[in-house]
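Chemist: Mind having a look at this structure? Questions to follow.
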Amino acid sequence: MCLRRRGGRIVKVTVNGVEHEYTGDEGRWLLDWLRTDLGIRSPKDGCMPQAACGCCAVGLDDKVVLACATPMKKVAGARVRTLEGLDDRVRDVFADSFATCGGAQCAFCIPGIVMRSAVLLEHDPEPSRESIEKDLRFHLCRCTGYKKIIGSIERAAETLRDGGSVPLPQAEGDDDGRVGTRLPKYGIRQAVLGERPYVADMSVDGMLHGAVRLSDHPRAIVRRIDASEAAGMPGVARVFTAADVPGQRSIGLIVPDWPLVVAEGETTRYVGDVIACVAAESRDQARAAAERIHVEYEVLDPITDVDAALAPDAPPIHAGGNCLSTTIVRRGDVDDAFSECAHVTEATYETQRIEHAFLEPEAALAVPSDNGLHVYSQGQGVYEDRRQIALLLGLDEASVNVELVPNGGGFGGKEDLCVQGHAAVMAAALGRAVHVEITRDESIRMHPKRHPIRMHYTLGCTAEGRLHALRARIVGDTGAYASVGMKVLERAAGHSCGAYDVPNVDVEARAVYTNNVPCGAMRGFGANQANFAVECAVDELCAMGGFDRWQFRHDNALTDGGCTATGQRLSSGVGVRATLEAVEDAFRGAKHAGIACGIKNTGIGNGMPDDGTALIVIRGADHVELRHGWTEMGQGVDTMAVQTFCEETGLPPEIVRVGVDTDSETPCGMTTASRATSLVGNAIIDACRGLRADLAEYALADLVGRSYRGTWVCDWTNKPGTSKTGEEVTHYSYSYATQVVIVGDDGAIERVVAAHDAGRIMNPTLFEGQIEGSVHMGLGYALTENLPMEGGRLLSTRLRKCGVLRAAETPDIEVIGVEVPDEHGPYGAKGVGEIGLVPTAPAVANALWSCDGVRRRTLPMKGAANGSGAR
């Protein structure tokens, strides 16, 4: 209903049974009104107003709409429903179904999916799996691979029809939370219903809102910044430029080469550089003011190609030149070894730039406190955030407390400091809380991506089919700033032989600065790029020599005592052959199939320490506080912490509360390199030694106020080629995998069989979910995902254009768990989060070759010549 009044219409709309009157701009998006004016936070803002992700789905009368692209004029007289307005039983059934079936990981996308599914079940109480997939076509999930989402919806439908309750996991002991049980993910029920806040959902009294003004050019000298118009706009508290940063203005995870704000007289290095930022009373006011900051530039030609950047006459993007790093791995005599080879393949393989596409865009909240500053962060390392924020502010680290807010997906893309620094500088200067939340378009422009890498591989084997020599020249575009680019290329070199023992190796890997968007950490971290090259080359050798593709891999696979590319001799726990044996029947039973193995390090290693700390505080007879330093981003590290605690103490999981903030002084590095489970588990085991001894003498209630601290440190690795003992140890642990991709006669992928060696499967539901989600990401990497740039500019900043596969496009995924214990992992556990996509792209390439005989050496790949690689 709309009523006329002087100055505009009154829009009447009923939300969750309550009638409201709206008198503002009728073009305003419904999502903004629900979240900002009504404080309804279950619909999430993943991409407003792109209508790409589905996180904002709400009921509108008897249908579902995307609130981020629905203007207020369209809801006049309508009934709007959010999860808050659903029947309590429906809410409980969906929460229990998703928790029990593992349908939610980071859960940012799930409230929108639950809302749509609830409406679906009102119209069709017994939907088919196909209709559920079709209904999910409006939704993206970056974590799960959709399979457990669909299973959760099926479980909810069955429960609502039958009138019962959701059955809990039935395996023996699954209610005690110990290692190996299917304990539901920690805190997931609230997240499923949109009740667990993400940073963008948070607010405090008197809070200001921040916005950033980004560079208009990838490479240009900033001649003048005119903020006068912006400063005079309504609601603006202050405009901040480089001169307002009180401490060290350039920061970085390894190299401090990334300015928080570019100053007048300096040169921009990419289109995501921040020129200024604004604090204002509202988000809209801050953004409007940021658009009114006028910048005069002297535009320069950007350097956007690695070869051009390495040319002798190339202008330096940074003072040290355009080659950020060179990693060299050499073993044996490669030239002699090639002369002994019966078969040699030589080719160039190329992989593309990829957007992480985590569904929660970046946000931060900085609040002044009596002790300094309290920052709420979604980043992947609160202790790194604290270090860099303290540098920006010119404060000691004790004056900055960074509290983790479990995030809506990371995959490596939230390792680098983003808007946490801008929020902190503004809040510290103004003495007021400042909340910064960037848009999806800004997010895609600003944060680092997956490295595009070019790899020239020469691989040879003997007449008997034994791998004998590898030469590789690897070049990666690391973009405008270092981030962790040198480590990604170092990892590519260290994984250049894949999961095989090759005795003679000559590898050089370079990370190169350009004026493209920075590239840094992303799931796989260089190992997946290198694996695409080596596994495709292995298949080509098999064709040249007439070798059986499965047997060749089994014969050459790493085993206990074998050496990685760097020369590290693996003493135990090598599960490559076990994963191969797990998929042999599937591979041999398929008409058209591709196969690929994979290896992925656990821990950063390469001469850098891997360490973790845990703190257990007894707060009451039914309340134990468990503090650690790792980021929960959907992978389940908090659940791993709880299960380790339960395993060590025998205490029930429901008494444990998990938290992460730097004031607890449980330091660790970034949540990266698939190491969180390993390190948090070992640290908790150490902390529990004292607690277990006390529990032998006292009841838990008698221990209130006591605390127990534990640590675990690996400090015995070395950079490739720098061992002082002659024994190379680049990582303390590895995980292993083999995947088989089965395609039909038309080249469409029908099924993926993924066997993964986790050492010890800590939680089968979470393990399966991690592998399914990784395979889904790997399939997109292989076939559809790309983030192209031209002239230093992104061709699109639309999430829909990134190529992330949707539910109906994702083939069946069969996960096979393999357990070959690791000597250093807790209970033998190895990393799980990244290995899942390492073999996928080459397995797809090799499957398509088996269908049409065409070799594919560039990602993303085109489908089969007689069909399509996508489902």
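Ordered as shown in the structure tokens, chains take letters A, B, and onward, while each chain numbers its residues from 1 and ligands are numbered from 1 in the order shown.
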Which residues, written as a PyMOL selection string, have at least one atom at most 7 Å from A:Gly210, with only C-alpha atoms counted and residues fewer than 2 positions away on the same chain left out?
Modeler: chain A and resi 208+212+277-280+283+286+423+434-436
Chemist: Among stretch 379-574 of chain A, which ones does DSSP assign to helix (DSSP H, G or I) (computed from the backbone)? Answer as number ranges by chain.
Modeler: A: 382-393, 397-399, 419-430, 440-446, 485-494, 527-545, 549-556
Chemist: Tell me which protein, DNA and RNA residues are within 8 Å of A:Ile816, counting only C-alpha atoms, leaving out same-chain ones fewer than 4 positions away, and put them as a list in words.
Modeler: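 Surrounding residues, per the criterion: Ala582, Val753, Ala754, Ala755 and His756 of chain A.
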Chemist: For atom CA of A:Gly394 and atom CA of A:Ala428, determine how far apart the two atoms are, in Å to one decimal place.
Modeler: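 Taking atom CA of A:Gly394 and atom CA of A:Ala428, their separation equals 10.9 Å.
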Chemist: Counting only C-alpha atoms, which of A:Gly410, A:Pro811, A:Gly46, A:Gly460 gets nearest to A:Glu355?
Modeler: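 Counting only C-alpha atoms, the residue closest to A:Glu355 is A:Gly410.
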Chemist: Find the residues around A:Gly575 up to 8 Å (only C-alpha atoms counted), leave out those fewer than 5 positions away in its own chain, and share them as a ChimeraX atom specification.
Modeler: /A:559,735-737,757,818-820
Chemist: Tell me, in Å to one decimal, how far atom CA of A:Gly17 is from atom CA of A:Asp87.
Modeler: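 Atom CA of A:Asp87 lies at a distance of 11.8 Å from atom CA of A:Gly17.
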Chemist: Just want the 9 Å neighbourhood of A:Asp25, counted on only C-alpha atoms, with same-chain residues fewer than 3 positions away dropped. Output as JSON, numbers by chain.
Modeler: {"A": [8, 22, 28, 72, 73]}
Chemist: Please identify all polymer residues within 12 Å of A:Tyr198, counting only C-alpha atoms, omitting same-chain residues fewer than 2 positions from it, and present them as a PyMOL selection string.
Modeler: chain A and resi 41-46+106-109+190-191+194-196+200-203+359-365+376-379+404-409+437+632-633
Chemist: Write the residues of the preceding selection, restricted to C-alpha atoms, as a JSON list (two decimals), in the first residue's frame.
Modeler:
[["chain", "number", "residue", "atom", "x", "y", "z"],
["A", 41, "ARG", "CA", 20.62, -8.95, 10.18],
["A", 42, "SER", "CA", 19.82, -12.49, 9.00],
["A", 43, "PRO", "CA", 19.81, -11.40, 5.33],
["A", 44, "LYS", "CA", 23.48, -10.84, 4.49],
["A", 45, "ASP", "CA", 25.07, -8.34, 2.13],
["A", 46, "GLY", "CA", 27.37, -10.33, -0.10],
["A", 106, "CYS", "CA", 31.47, -20.39, 7.09],
["A", 107, "ALA", "CA", 27.64, -20.15, 6.85],
["A", 108, "PHE", "CA", 27.51, -16.63, 5.36],
["A", 109, "CYS", "CA", 25.41, -17.93, 2.45],
["A", 190, "GLN", "CA", 23.23, -19.77, 15.34],
["A", 191, "ALA", "CA", 25.11, -19.14, 12.11],
["A", 194, "GLY", "CA", 21.82, -15.67, 10.73],
["A", 195, "GLU", "CA", 22.12, -15.01, 14.46],
["A", 196, "ARG", "CA", 25.91, -15.25, 14.75],
["A", 200, "ALA", "CA", 29.36, -6.24, 8.99],
["A", 201, "ASP", "CA", 26.54, -7.08, 11.42],
["A", 202, "MET", "CA", 28.20, -5.35, 14.37],
["A", 203, "SER", "CA", 27.55, -1.89, 15.75],
["A", 359, "LEU", "CA", 30.86, -14.44, 0.17],
["A", 360, "GLU", "CA", 31.50, -12.01, 3.02],
["A", 361, "PRO", "CA", 33.16, -8.81, 1.76],
["A", 362, "GLU", "CA", 35.78, -7.18, 3.95],
["A", 363, "ALA", "CA", 34.74, -5.19, 7.01],
["A", 364, "ALA", "CA", 36.29, -4.00, 10.27],
["A", 365, "LEU", "CA", 35.20, -2.26, 13.45],
["A", 376, "TYR", "CA", 37.12, -6.53, 15.53],
["A", 377, "SER", "CA", 38.68, -8.34, 12.58],
["A", 378, "GLN", "CA", 37.66, -11.00, 10.08],
["A", 379, "GLY", "CA", 41.29, -11.44, 9.05],
["A", 404, "LEU", "CA", 38.56, -12.36, 15.77],
["A", 405, "VAL", "CA", 35.02, -12.44, 14.48],
["A", 406, "PRO", "CA", 34.58, -15.77, 12.65],
["A", 407, "ASN", "CA", 34.45, -14.82, 9.02],
["A", 408, "GLY", "CA", 32.39, -15.62, 5.98],
["A", 409, "GLY", "CA", 35.14, -17.37, 4.04],
["A", 437, "GLU", "CA", 32.44, -2.18, 5.18],
["A", 632, "GLU", "CA", 37.60, -19.80, 12.16],
["A", 633, "MET", "CA", 36.54, -19.25, 8.55]]
